[in-house]
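Chemist: protein-v9.tsv is reproduced in full below (TSV, C-alpha atoms).
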chain	number	residue	atom	x	y	z
A	439	MET	CA	-3.42	-1.95	16.44
A	440	ASN	CA	-0.91	0.76	17.38
A	441	GLN	CA	2.40	-0.04	18.98
A	442	GLU	CA	4.77	2.48	20.52
A	443	ARG	CA	8.32	2.26	19.21
A	444	THR	CA	10.29	4.30	21.72
A	445	GLN	CA	12.46	1.74	23.50
A	446	GLU	CA	16.12	1.52	22.63
A	447	ARG	CA	17.47	-1.83	21.57
A	448	GLU	CA	20.51	-3.39	23.11
A	449	ASN	CA	22.19	-3.84	19.74
A	450	PRO	CA	23.77	-0.49	18.77
A	451	VAL	CA	23.70	-1.36	15.05
A	452	ARG	CA	20.40	-0.37	13.52
A	453	ASP	CA	19.24	-1.33	10.01
A	454	ALA	CA	16.97	0.52	7.59
A	455	LEU	CA	15.94	-0.30	4.04
A	456	ILE	CA	15.53	2.68	1.70
A	457	VAL	CA	13.17	2.32	-1.28
A	458	VAL	CA	13.49	5.13	-3.81
A	459	HIS	CA	11.56	6.35	-6.84
A	460	THR	CA	14.61	6.80	-9.04
A	461	GLY	CA	15.23	8.98	-12.07
A	462	ARG	CA	14.58	12.39	-10.53
A	463	GLU	CA	17.39	14.67	-9.42
A	464	ALA	CA	15.31	15.97	-6.50
A	465	THR	CA	14.78	12.39	-5.32
A	466	ARG	CA	18.50	11.68	-5.48
A	467	LYS	CA	19.22	14.66	-3.24
A	468	VAL	CA	16.61	13.62	-0.70
A	469	ALA	CA	17.90	10.04	-0.73
A	470	SER	CA	21.44	11.25	-0.07
A	471	THR	CA	20.26	13.49	2.79
A	472	VAL	CA	18.34	10.63	4.40
A	473	ALA	CA	21.23	8.17	3.98
A	474	CYS	CA	23.80	10.61	5.35
A	475	SER	CA	21.71	11.52	8.41
A	476	LEU	CA	20.89	7.93	9.28
A	477	HIS	CA	24.47	6.81	8.77
A	478	ARG	CA	25.64	9.45	11.25
A	479	ALA	CA	23.01	8.19	13.71
A	480	GLY	CA	24.47	4.68	13.57
A	481	PHE	CA	22.24	3.04	10.97
A	482	SER	CA	23.38	0.38	8.55
A	483	LEU	CA	21.49	1.04	5.32
A	484	ARG	CA	20.22	-1.15	2.51
A	485	VAL	CA	18.97	-0.43	-1.00
A	486	MET	CA	17.99	-2.64	-3.91
A	487	PRO	CA	20.53	-3.00	-6.72
A	488	ASP	CA	18.09	-2.14	-9.51
A	489	GLU	CA	17.71	1.33	-8.01
A	490	TYR	CA	21.43	1.88	-8.37
A	491	SER	CA	21.41	0.56	-11.92
A	492	SER	CA	18.43	2.67	-13.00
A	493	ASP	CA	19.83	5.87	-11.49
A	494	ALA	CA	23.59	6.16	-11.90
A	495	GLY	CA	23.77	9.26	-9.69
A	496	LEU	CA	22.01	7.78	-6.68
A	497	PHE	CA	24.07	8.35	-3.49
A	498	ASP	CA	27.04	9.63	-5.54
A	499	ASP	CA	27.62	12.54	-3.15
A	500	LEU	CA	28.16	10.17	-0.23
A	501	GLU	CA	31.47	8.65	0.76
A	502	PRO	CA	31.74	4.98	-0.27
A	503	HIS	CA	31.49	3.77	3.34
A	504	GLU	CA	28.29	5.82	3.82
A	505	ARG	CA	26.43	4.32	0.86
A	506	PRO	CA	23.73	1.70	1.44
A	507	GLN	CA	24.51	-1.96	0.95
A	508	ARG	CA	22.86	-3.61	-2.06
A	509	VAL	CA	20.34	-6.33	-1.18
A	510	ALA	CA	18.28	-8.58	-3.44
A	511	PRO	CA	14.67	-7.41	-3.99
A	512	ASP	CA	13.06	-10.49	-2.45
A	513	ASP	CA	11.25	-11.50	0.73
A	514	ASP	CA	14.51	-11.27	2.68
A	515	ALA	CA	15.29	-7.65	1.73
A	516	ALA	CA	13.74	-6.17	4.87
A	517	ASN	CA	14.43	-9.04	7.29
A	518	GLY	CA	15.99	-7.72	10.47
A	519	ALA	CA	15.47	-4.08	9.48
A	520	GLU	CA	14.03	-1.63	11.95
A	521	ILE	CA	12.15	0.41	9.37
A	522	VAL	CA	11.62	0.78	5.61
A	523	ILE	CA	11.84	4.39	4.42
A	524	VAL	CA	10.04	5.08	1.16
A	525	LEU	CA	10.96	8.09	-0.99
A	526	GLY	CA	8.33	8.57	-3.68
A	527	GLY	CA	4.57	8.32	-4.13
A	528	ASP	CA	1.99	5.66	-3.39
A	529	GLY	CA	3.29	3.42	-6.20
A	530	THR	CA	6.72	3.35	-4.59
A	531	LEU	CA	5.18	2.58	-1.20
A	532	LEU	CA	3.19	-0.32	-2.67
A	533	ARG	CA	6.44	-1.67	-4.12
A	534	ALA	CA	8.08	-1.36	-0.72
A	535	ALA	CA	5.12	-3.09	0.94
A	536	GLU	CA	5.96	-6.24	-1.01
A	537	LEU	CA	9.32	-6.33	0.79
A	538	ALA	CA	8.22	-5.18	4.25
A	539	ARG	CA	5.02	-7.17	4.77
A	540	SER	CA	6.47	-10.65	5.20
A	541	ALA	CA	9.24	-9.29	7.46
A	542	ARG	CA	6.67	-7.39	9.58
A	543	VAL	CA	8.73	-4.20	9.25
A	544	PRO	CA	6.95	-0.81	9.33
A	545	LEU	CA	6.90	1.50	6.31
A	546	LEU	CA	7.48	5.25	6.53
A	547	GLY	CA	6.51	7.09	3.35
A	548	ILE	CA	7.93	10.50	2.43
A	549	ASN	CA	5.80	11.77	-0.43
A	550	LEU	CA	7.75	12.95	-3.47
A	551	GLY	CA	4.90	12.23	-5.87
A	552	HIS	CA	1.43	13.74	-6.30
A	553	VAL	CA	-1.33	12.91	-3.81
A	554	GLY	CA	0.70	10.37	-1.86
A	555	PHE	CA	-2.23	9.25	0.30
A	556	LEU	CA	-0.29	6.43	1.95
A	557	ALA	CA	2.72	8.58	2.77
A	558	GLU	CA	3.02	9.97	6.28
A	559	ALA	CA	5.12	13.03	5.49
A	560	ASP	CA	6.03	15.49	2.75
A	561	LEU	CA	9.45	16.81	1.84
A	562	ASP	CA	8.99	19.84	4.11
A	563	ASP	CA	8.76	17.44	7.07
A	564	LEU	CA	12.10	15.74	6.37
A	565	ASP	CA	13.88	16.98	9.50
A	566	GLU	CA	10.97	15.89	11.69
A	567	VAL	CA	10.90	12.50	9.99
A	568	LEU	CA	14.60	11.84	10.51
A	569	ASP	CA	14.42	12.91	14.15
A	570	ALA	CA	11.48	10.55	14.76
A	571	VAL	CA	13.29	7.65	13.10
A	572	VAL	CA	16.50	8.20	15.03
A	573	HIS	CA	14.72	8.52	18.40
A	574	ARG	CA	11.93	6.02	17.59
A	575	THR	CA	9.23	8.51	18.56
A	576	TYR	CA	6.62	7.17	16.15
A	577	ARG	CA	3.65	4.86	16.26
A	578	VAL	CA	2.98	1.83	14.09
A	579	GLU	CA	-0.46	1.29	12.58
A	580	GLU	CA	-1.68	-2.03	11.20
A	581	ARG	CA	-3.46	-1.89	7.84
A	582	MET	CA	-5.71	-4.70	6.71
A	583	THR	CA	-4.80	-6.67	3.60
A	584	VAL	CA	-6.68	-9.26	1.55
A	585	ASP	CA	-5.48	-12.73	0.55
A	586	VAL	CA	-6.43	-13.84	-2.95
A	587	THR	CA	-6.61	-17.27	-4.60
A	588	ALA	CA	-7.39	-17.84	-8.28
A	589	SER	CA	-8.40	-21.25	-9.64
A	590	SER	CA	-9.79	-22.87	-12.76
A	591	ASP	CA	-11.41	-26.30	-13.05
A	592	GLY	CA	-10.40	-27.02	-9.48
A	593	GLN	CA	-6.73	-26.25	-10.11
A	594	VAL	CA	-5.07	-23.34	-8.30
A	595	LEU	CA	-3.69	-20.79	-10.76
A	596	GLY	CA	-1.98	-18.69	-8.13
A	597	ARG	CA	-2.12	-17.09	-4.69
A	598	THR	CA	-1.35	-13.47	-3.91
A	599	TRP	CA	-2.43	-10.55	-1.71
A	600	ALA	CA	-3.25	-6.85	-1.83
A	601	LEU	CA	-3.02	-3.80	0.42
A	602	ASN	CA	-5.23	-1.56	-1.73
A	603	GLU	CA	-7.35	-3.73	-3.98
A	604	ALA	CA	-7.70	-6.93	-5.97
A	605	ILE	CA	-9.37	-6.38	-9.34
A	606	VAL	CA	-10.85	-8.84	-11.80
A	607	GLU	CA	-11.04	-6.98	-15.08
A	608	LYS	CA	-11.41	-7.53	-18.79
A	609	THR	CA	-8.51	-8.02	-21.17
A	610	ASN	CA	-10.44	-7.38	-24.37
A	611	TRP	CA	-11.27	-3.68	-24.17
A	612	ALA	CA	-13.69	-3.97	-27.08
A	613	LYS	CA	-15.99	-6.16	-24.97
A	614	LEU	CA	-17.35	-6.34	-21.44
A	615	LEU	CA	-16.45	-9.09	-19.00
A	616	ASP	CA	-19.22	-11.33	-17.65
A	617	VAL	CA	-18.78	-11.78	-13.90
A	618	VAL	CA	-20.77	-13.49	-11.14
A	619	LEU	CA	-20.39	-11.97	-7.68
A	620	GLU	CA	-20.60	-14.23	-4.61
A	621	VAL	CA	-20.53	-13.33	-0.91
A	622	ASP	CA	-20.38	-15.94	1.87
A	623	HIS	CA	-20.85	-18.81	-0.60
A	624	ARG	CA	-24.09	-17.36	-1.99
A	625	PRO	CA	-24.57	-15.67	-5.40
A	626	VAL	CA	-25.39	-11.95	-5.32
A	627	SER	CA	-25.57	-10.86	-8.96
A	628	GLU	CA	-24.27	-11.46	-12.47
A	629	PHE	CA	-23.41	-8.61	-14.83
A	630	ALA	CA	-21.25	-7.49	-17.72
A	631	CYS	CA	-18.67	-4.91	-16.67
A	632	ASP	CA	-15.19	-3.51	-17.13
A	633	GLY	CA	-14.24	-5.22	-13.88
A	634	VAL	CA	-14.97	-5.66	-10.18
A	635	LEU	CA	-12.76	-4.35	-7.37
A	636	CYS	CA	-12.44	-5.83	-3.91
A	637	ALA	CA	-10.77	-3.08	-1.88
A	638	THR	CA	-9.58	-2.66	1.68
A	639	PRO	CA	-10.30	0.50	3.71
A	640	THR	CA	-6.79	1.63	2.74
A	641	GLY	CA	-7.66	1.12	-0.93
A	642	SER	CA	-10.97	2.96	-0.61
A	643	THR	CA	-9.19	6.24	-1.44
A	644	ALA	CA	-7.43	4.76	-4.49
A	645	TYR	CA	-8.89	2.95	-7.51
A	646	ALA	CA	-12.12	2.12	-5.66
A	647	TYR	CA	-12.76	5.82	-5.03
A	648	SER	CA	-12.27	6.60	-8.73
A	649	ALA	CA	-14.72	3.83	-9.61
A	650	GLY	CA	-17.42	5.38	-7.42
A	651	GLY	CA	-16.88	3.53	-4.16
A	652	PRO	CA	-17.21	5.07	-0.68
A	653	VAL	CA	-14.33	6.33	1.44
A	654	VAL	CA	-13.89	4.03	4.45
A	655	TRP	CA	-11.98	5.14	7.54
A	656	PRO	CA	-8.92	2.87	8.00
A	657	GLU	CA	-9.90	1.71	11.48
A	658	VAL	CA	-13.12	0.23	10.04
A	659	GLN	CA	-12.52	-3.43	9.27
A	660	ALA	CA	-14.39	-4.15	6.04
A	661	MET	CA	-14.07	-5.12	2.39
A	662	LEU	CA	-15.52	-3.04	-0.44
A	663	LEU	CA	-16.96	-4.53	-3.62
A	664	VAL	CA	-17.07	-1.96	-6.42
A	665	PRO	CA	-18.25	-2.92	-9.94
A	666	SER	CA	-16.74	-0.78	-12.69
A	667	ASN	CA	-19.11	0.35	-15.46
A	668	ALA	CA	-21.46	-2.58	-14.87
A	669	HIS	CA	-24.45	-3.08	-17.16
A	670	ALA	CA	-26.99	-4.10	-14.50
A	671	LEU	CA	-29.83	-2.71	-12.41
A	672	PHE	CA	-28.05	-3.77	-9.23
A	673	SER	CA	-24.40	-2.75	-9.43
A	674	ARG	CA	-23.93	-0.49	-6.41
A	675	PRO	CA	-20.80	-0.70	-4.26
A	676	LEU	CA	-21.16	-3.08	-1.32
A	677	VAL	CA	-19.42	-3.01	2.07
A	678	VAL	CA	-19.10	-6.47	3.62
A	679	SER	CA	-17.68	-7.92	6.81
A	680	PRO	CA	-13.95	-8.65	6.93
A	681	GLU	CA	-14.93	-12.19	7.96
A	682	SER	CA	-16.92	-12.66	4.75
A	683	ARG	CA	-15.63	-14.72	1.84
A	684	VAL	CA	-15.93	-13.01	-1.52
A	685	ALA	CA	-15.70	-14.77	-4.87
A	686	LEU	CA	-15.68	-13.42	-8.42
A	687	GLU	CA	-16.33	-15.90	-11.21
A	688	VAL	CA	-15.45	-15.19	-14.83
A	689	SER	CA	-18.18	-16.61	-17.04
A	690	GLY	CA	-17.20	-19.69	-19.01
A	691	ARG	CA	-19.30	-18.39	-21.90
A	692	GLY	CA	-17.33	-15.18	-22.43
A	693	ASP	CA	-13.82	-13.79	-22.69
A	694	ALA	CA	-10.85	-14.27	-20.40
A	695	GLY	CA	-10.02	-11.80	-17.67
A	696	VAL	CA	-7.06	-10.79	-15.56
A	697	LEU	CA	-6.48	-10.47	-11.82
A	698	VAL	CA	-4.54	-7.35	-10.80
A	699	CYS	CA	-3.45	-6.73	-7.20
A	700	ASP	CA	-2.27	-3.24	-6.20
A	701	GLY	CA	-1.48	-2.57	-9.86
A	702	ARG	CA	1.65	-4.72	-9.46
A	703	ARG	CA	0.86	-8.44	-9.37
A	704	THR	CA	-1.15	-9.90	-12.25
A	705	LEU	CA	-2.54	-13.31	-13.14
A	706	ASP	CA	-4.36	-14.36	-16.32
A	707	LEU	CA	-7.86	-15.73	-15.79
A	708	PRO	CA	-9.22	-18.06	-18.48
A	709	PRO	CA	-12.99	-18.27	-18.99
A	710	GLY	CA	-14.59	-20.12	-16.07
A	711	SER	CA	-11.98	-18.95	-13.55
A	712	ARG	CA	-12.82	-18.25	-9.93
A	713	VAL	CA	-11.12	-15.70	-7.65
A	714	GLU	CA	-11.66	-16.04	-3.89
A	715	ILE	CA	-10.83	-13.13	-1.56
A	716	GLY	CA	-10.74	-12.87	2.20
A	717	LYS	CA	-9.13	-10.85	4.97
A	718	GLY	CA	-5.35	-11.22	4.84
A	719	GLU	CA	-3.48	-13.06	7.57
A	720	THR	CA	-0.59	-10.58	7.48
A	721	PRO	CA	-1.24	-6.81	7.72
A	722	VAL	CA	1.01	-4.06	6.41
A	723	LEU	CA	2.56	-1.82	9.07
A	724	LEU	CA	2.57	1.95	8.45
A	725	VAL	CA	4.50	4.49	10.51
A	726	ARG	CA	2.53	7.41	11.93
A	727	LEU	CA	4.39	10.45	13.26
A	728	ARG	CA	1.44	12.42	14.59
A	729	VAL	CA	-1.85	11.66	16.26
A	730	GLN	CA	-4.40	13.15	13.88
A	731	PRO	CA	-7.88	12.17	12.68
A	732	PHE	CA	-8.18	10.48	9.31
A	733	THR	CA	-10.56	13.34	8.47
A	734	ASP	CA	-7.66	15.81	8.47
A	735	ARG	CA	-5.63	13.59	6.13
A	736	LEU	CA	-8.61	13.23	3.79
A	737	VAL	CA	-9.18	16.99	3.63
A	738	ARG	CA	-5.49	17.77	3.15
A	739	LYS	CA	-4.72	15.15	0.51
A	740	PHE	CA	-7.83	15.82	-1.60
A	741	GLY	CA	-7.82	19.58	-1.02
A	742	LEU	CA	-11.43	19.52	0.17
A	743	PRO	CA	-13.13	22.91	0.75
A	744	VAL	CA	-13.78	23.47	4.46
A	745	GLN	CA	-13.55	27.27	4.68
A	746	GLY	CA	-17.17	27.62	5.82
A	747	TRP	CA	-16.77	25.33	8.82
A	748	ARG	CA	-17.50	27.03	12.14
A	749	GLY	CA	-17.08	24.06	14.44
A	750	ARG	CA	-18.74	23.16	17.70
A	751	ARG	CA	-19.74	26.11	19.85
For this file, write the structure as structure tokens.

Modeler:
Amino acid sequence: MNQERTQERENPVRDALIVVHTGREATRKVASTVACSLHRAGFSLRVMPDEYSSDAGLFDDLEPHERPQRVAPDDDAANGAEIVIVLGGDGTLLRAAELARSARVPLLGINLGHVGFLAEADLDDLDEVLDAVVHRTYRVEERMTVDVTASSDGQVLGRTWALNEAIVEKTNWAKLLDVVLEVDHRPVSEFACDGVLCATPTGSTAYAYSAGGPVVWPEVQAMLLVPSNAHALFSRPLVVSPESRVALEVSGRGDAGVLVCDGRRTLDLPPGSRVEIGKGETPVLLVRLRVQPFTDRLVRKFGLPVQGWRGRR
């Protein structure tokens, strides 16, 4: 669902959280430019203390009163903020999503990495980005997440979530992991594999794509099931309803596994564990500056060859 963010608030003080991929001089300069511009526009800025500690030069060229306030990297970091600005690649944006999701604050990614599929803008667009943030001339797009519960012998091991994908994979790389796949409380197949991914449409262009899964347009509500290097006759990727309940069971006869969500949150899975996955209750909000088809983003980010296209006549 898209929401226009163009109305001015009564409160003149505006807050923004800046999440930075530290350690690069170019990133430090961009971070300082963003902080300085937003400070002049009346923003109160926040940054996490570990980003200061891991990059001693961050924001050094700003006056002390212009530098962002340090906030703890927890669920309260983005509370009350108007926007979370991410300077880095997709990994940095996934880190920022952990802070912004519970606060229902939109994320605006400025790609300073490689592909940066989740980012809305590149460094060349910085002036446009800052103007849109200051004047609130952007749209907000909801991205589906998945909620994940892991259990063993009826006891809950942990609960988590994912924006891109939840993966059950092997821990012993000398052996394959035995997994049973279940959809809507019915078994589908059992196979030995490196792992099984349950991805969102957003994650279809990430790990799931590398594992041979289809690209799914983000407005399509669905979950993707992608086995990785499965030894089975039936191990094709599956696209299931977002209302379906998916379960992945680690065989009690084999080795342990591990649950990995977005490459950031992990949970050990002893033999016999069960991981249940369903559509998340809380989406992630992404800022969009322009109205453009997902097709254009796909072609641009992957550098797809379209020179022979003649179009509709």

Chemist: Could you name the residues that touch A:Thr733 at 12 Å or less, counting all atoms listed in the file, but leaving out those on the same chain fewer than 5 positions away, as an mmCIF file with C-alpha atoms, in the coordinates of the input?

Modeler:
data_model
loop_
_atom_site.group_PDB
_atom_site.id
_atom_site.type_symbol
_atom_site.label_atom_id
_atom_site.label_comp_id
_atom_site.auth_asym_id
_atom_site.auth_seq_id
_atom_site.Cartn_x
_atom_site.Cartn_y
_atom_site.Cartn_z
ATOM 1 C CA VAL A 653 -14.330 6.330 1.440
ATOM 2 C CA VAL A 654 -13.890 4.030 4.450
ATOM 3 C CA TRP A 655 -11.980 5.140 7.540
ATOM 4 C CA PRO A 656 -8.920 2.870 8.000
ATOM 5 C CA ARG A 738 -5.490 17.770 3.150
ATOM 6 C CA LYS A 739 -4.720 15.150 0.510
ATOM 7 C CA PHE A 740 -7.830 15.820 -1.600
ATOM 8 C CA GLY A 741 -7.820 19.580 -1.020
ATOM 9 C CA LEU A 742 -11.430 19.520 0.170
ATOM 10 C CA VAL A 744 -13.780 23.470 4.460
#

Chemist: Please build the interface table for stretch 670-749 of chain A against stretch 532-544 of chain A with a cut-off of 8 Å, listing for each qualifying residue the nearest atom pair and the distance in Å to one decimal; count all atoms listed in the file, order rows by chain and increasing number, and write it as a Markdown table.

Modeler:
| residue | atom | partner | partner_atom | distance |
| --- | --- | --- | --- | --- |
| A:Asp700 | CA | A:Leu532 | CA | 7.1 |
| A:Arg702 | CA | A:Arg533 | CA | 7.8 |
| A:Thr720 | CA | A:Arg539 | CA | 7.1 |
| A:Pro721 | CA | A:Arg539 | CA | 6.9 |
| A:Val722 | CA | A:Arg539 | CA | 5.3 |
| A:Leu723 | CA | A:Pro544 | CA | 4.5 |
| A:Leu724 | CA | A:Pro544 | CA | 5.3 |
| A:Val725 | CA | A:Pro544 | CA | 6.0 |

Chemist: Counting all atoms listed in the file, find the residues whose atoms lie at most 9 Å from (-5.0, -15.0, -6.0) (file coordinates) and write them out as a list in words.

Modeler: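 In the file's frame, the residues around the point are Asp585, Val586, Thr587, Ala588, Ser589, Val594, Leu595, Gly596, Arg597, Thr598, Trp599, Ala604, Leu697, Cys699, Thr704, Leu705, Val713, Glu714 and Ile715 of chain A.
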
Chemist: Can those selected residues be exported to a file as a CSV table (one decimal), in the frame of the given file so that it contains C-alpha atoms?

Modeler:
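Heads up, here's the output in result_15.csv:
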chain,number,residue,atom,x,y,z
A,585,ASP,CA,-5.5,-12.7,0.6
A,586,VAL,CA,-6.4,-13.8,-3.0
A,587,THR,CA,-6.6,-17.3,-4.6
A,588,ALA,CA,-7.4,-17.8,-8.3
A,589,SER,CA,-8.4,-21.2,-9.6
A,594,VAL,CA,-5.1,-23.3,-8.3
A,595,LEU,CA,-3.7,-20.8,-10.8
A,596,GLY,CA,-2.0,-18.7,-8.1
A,597,ARG,CA,-2.1,-17.1,-4.7
A,598,THR,CA,-1.4,-13.5,-3.9
A,599,TRP,CA,-2.4,-10.6,-1.7
A,604,ALA,CA,-7.7,-6.9,-6.0
A,697,LEU,CA,-6.5,-10.5,-11.8
A,699,CYS,CA,-3.4,-6.7,-7.2
A,704,THR,CA,-1.2,-9.9,-12.2
A,705,LEU,CA,-2.5,-13.3,-13.1
A,713,VAL,CA,-11.1,-15.7,-7.6
A,714,GLU,CA,-11.7,-16.0,-3.9
A,715,ILE,CA,-10.8,-13.1,-1.6

Chemist: Mind giving me the straight-line distance from atom CA of A:Gly526 to atom CA of A:Gly554 in Å, one decimal?

Modeler: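 If I compute the distance from atom CA of A:Gly526 to atom CA of A:Gly554, I get 8.0 Å.
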
Chemist: Quick one: everything within 6 Å of A:Gly695, counting all atoms listed in the file, minus sequence neighbours fewer than 5 positions away in the same chain. Send it as a PDB file with C-alpha atoms, in the coordinates of the input.

Modeler:
ATOM      1  CA  GLU A 607     -11.040  -6.980 -15.080  1.00  0.00           C
ATOM      2  CA  LYS A 608     -11.410  -7.530 -18.790  1.00  0.00           C
ATOM      3  CA  THR A 609      -8.510  -8.020 -21.170  1.00  0.00           C
ATOM      4  CA  LEU A 707      -7.860 -15.730 -15.790  1.00  0.00           C
TER       5      LEU A 707
END

Chemist: Residues near stretch 454-460 of chain A, anyone? I mean within 9 Å using all atoms listed in the file, not counting same-chain ones fewer than 5 positions away, as a short mmCIF file (atom, residue, chain, number, x, y, z; two decimals) with C-alpha atoms, keeping the file's coordinate frame.

Modeler:
data_model
loop_
_atom_site.label_atom_id
_atom_site.label_comp_id
_atom_site.auth_asym_id
_atom_site.auth_seq_id
_atom_site.Cartn_x
_atom_site.Cartn_y
_atom_site.Cartn_z
CA THR A 465 14.78 12.39 -5.32
CA ARG A 466 18.50 11.68 -5.48
CA ALA A 469 17.90 10.04 -0.73
CA VAL A 472 18.34 10.63 4.40
CA ALA A 473 21.23 8.17 3.98
CA LEU A 476 20.89 7.93 9.28
CA PHE A 481 22.24 3.04 10.97
CA SER A 482 23.38 0.38 8.55
CA LEU A 483 21.49 1.04 5.32
CA ARG A 484 20.22 -1.15 2.51
CA VAL A 485 18.97 -0.43 -1.00
CA MET A 486 17.99 -2.64 -3.91
CA GLU A 489 17.71 1.33 -8.01
CA TYR A 490 21.43 1.88 -8.37
CA SER A 492 18.43 2.67 -13.00
CA ASP A 493 19.83 5.87 -11.49
CA LEU A 496 22.01 7.78 -6.68
CA PRO A 506 23.73 1.70 1.44
CA ALA A 515 15.29 -7.65 1.73
CA ALA A 516 13.74 -6.17 4.87
CA GLY A 518 15.99 -7.72 10.47
CA ALA A 519 15.47 -4.08 9.48
CA GLU A 520 14.03 -1.63 11.95
CA ILE A 521 12.15 0.41 9.37
CA VAL A 522 11.62 0.78 5.61
CA ILE A 523 11.84 4.39 4.42
CA VAL A 524 10.04 5.08 1.16
CA LEU A 525 10.96 8.09 -0.99
CA GLY A 526 8.33 8.57 -3.68
CA GLY A 527 4.57 8.32 -4.13
CA GLY A 529 3.29 3.42 -6.20
CA THR A 530 6.72 3.35 -4.59
CA LEU A 531 5.18 2.58 -1.20
CA ARG A 533 6.44 -1.67 -4.12
CA ALA A 534 8.08 -1.36 -0.72
CA LEU A 550 7.75 12.95 -3.47
CA GLY A 551 4.90 12.23 -5.87
#

Chemist: Pick out the closest residue to A:Val572 from this set: A:Gly480, A:Gly746, A:Pro731, A:Pro680. Count only C-alpha atoms.

Modeler: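 Distance minimum relative to A:Val572 lands on A:Gly480.
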
Chemist: Excluding stretch 635-646 of chain A and its own-chain neighbours fewer than 5 positions away, which residues fall within 10 Å of it when counting all atoms listed in the file? Please give them as a ChimeraX atom specification.

Modeler: /A:528,555-556,581-584,600-607,651-666,675-677,680,684-686,697-701,715-717,736,740

Chemist: To one decimal place in Å, what is the distance between atom CA of A:Glu628 and atom CA of A:Ala670?

Modeler: 8.1 Å
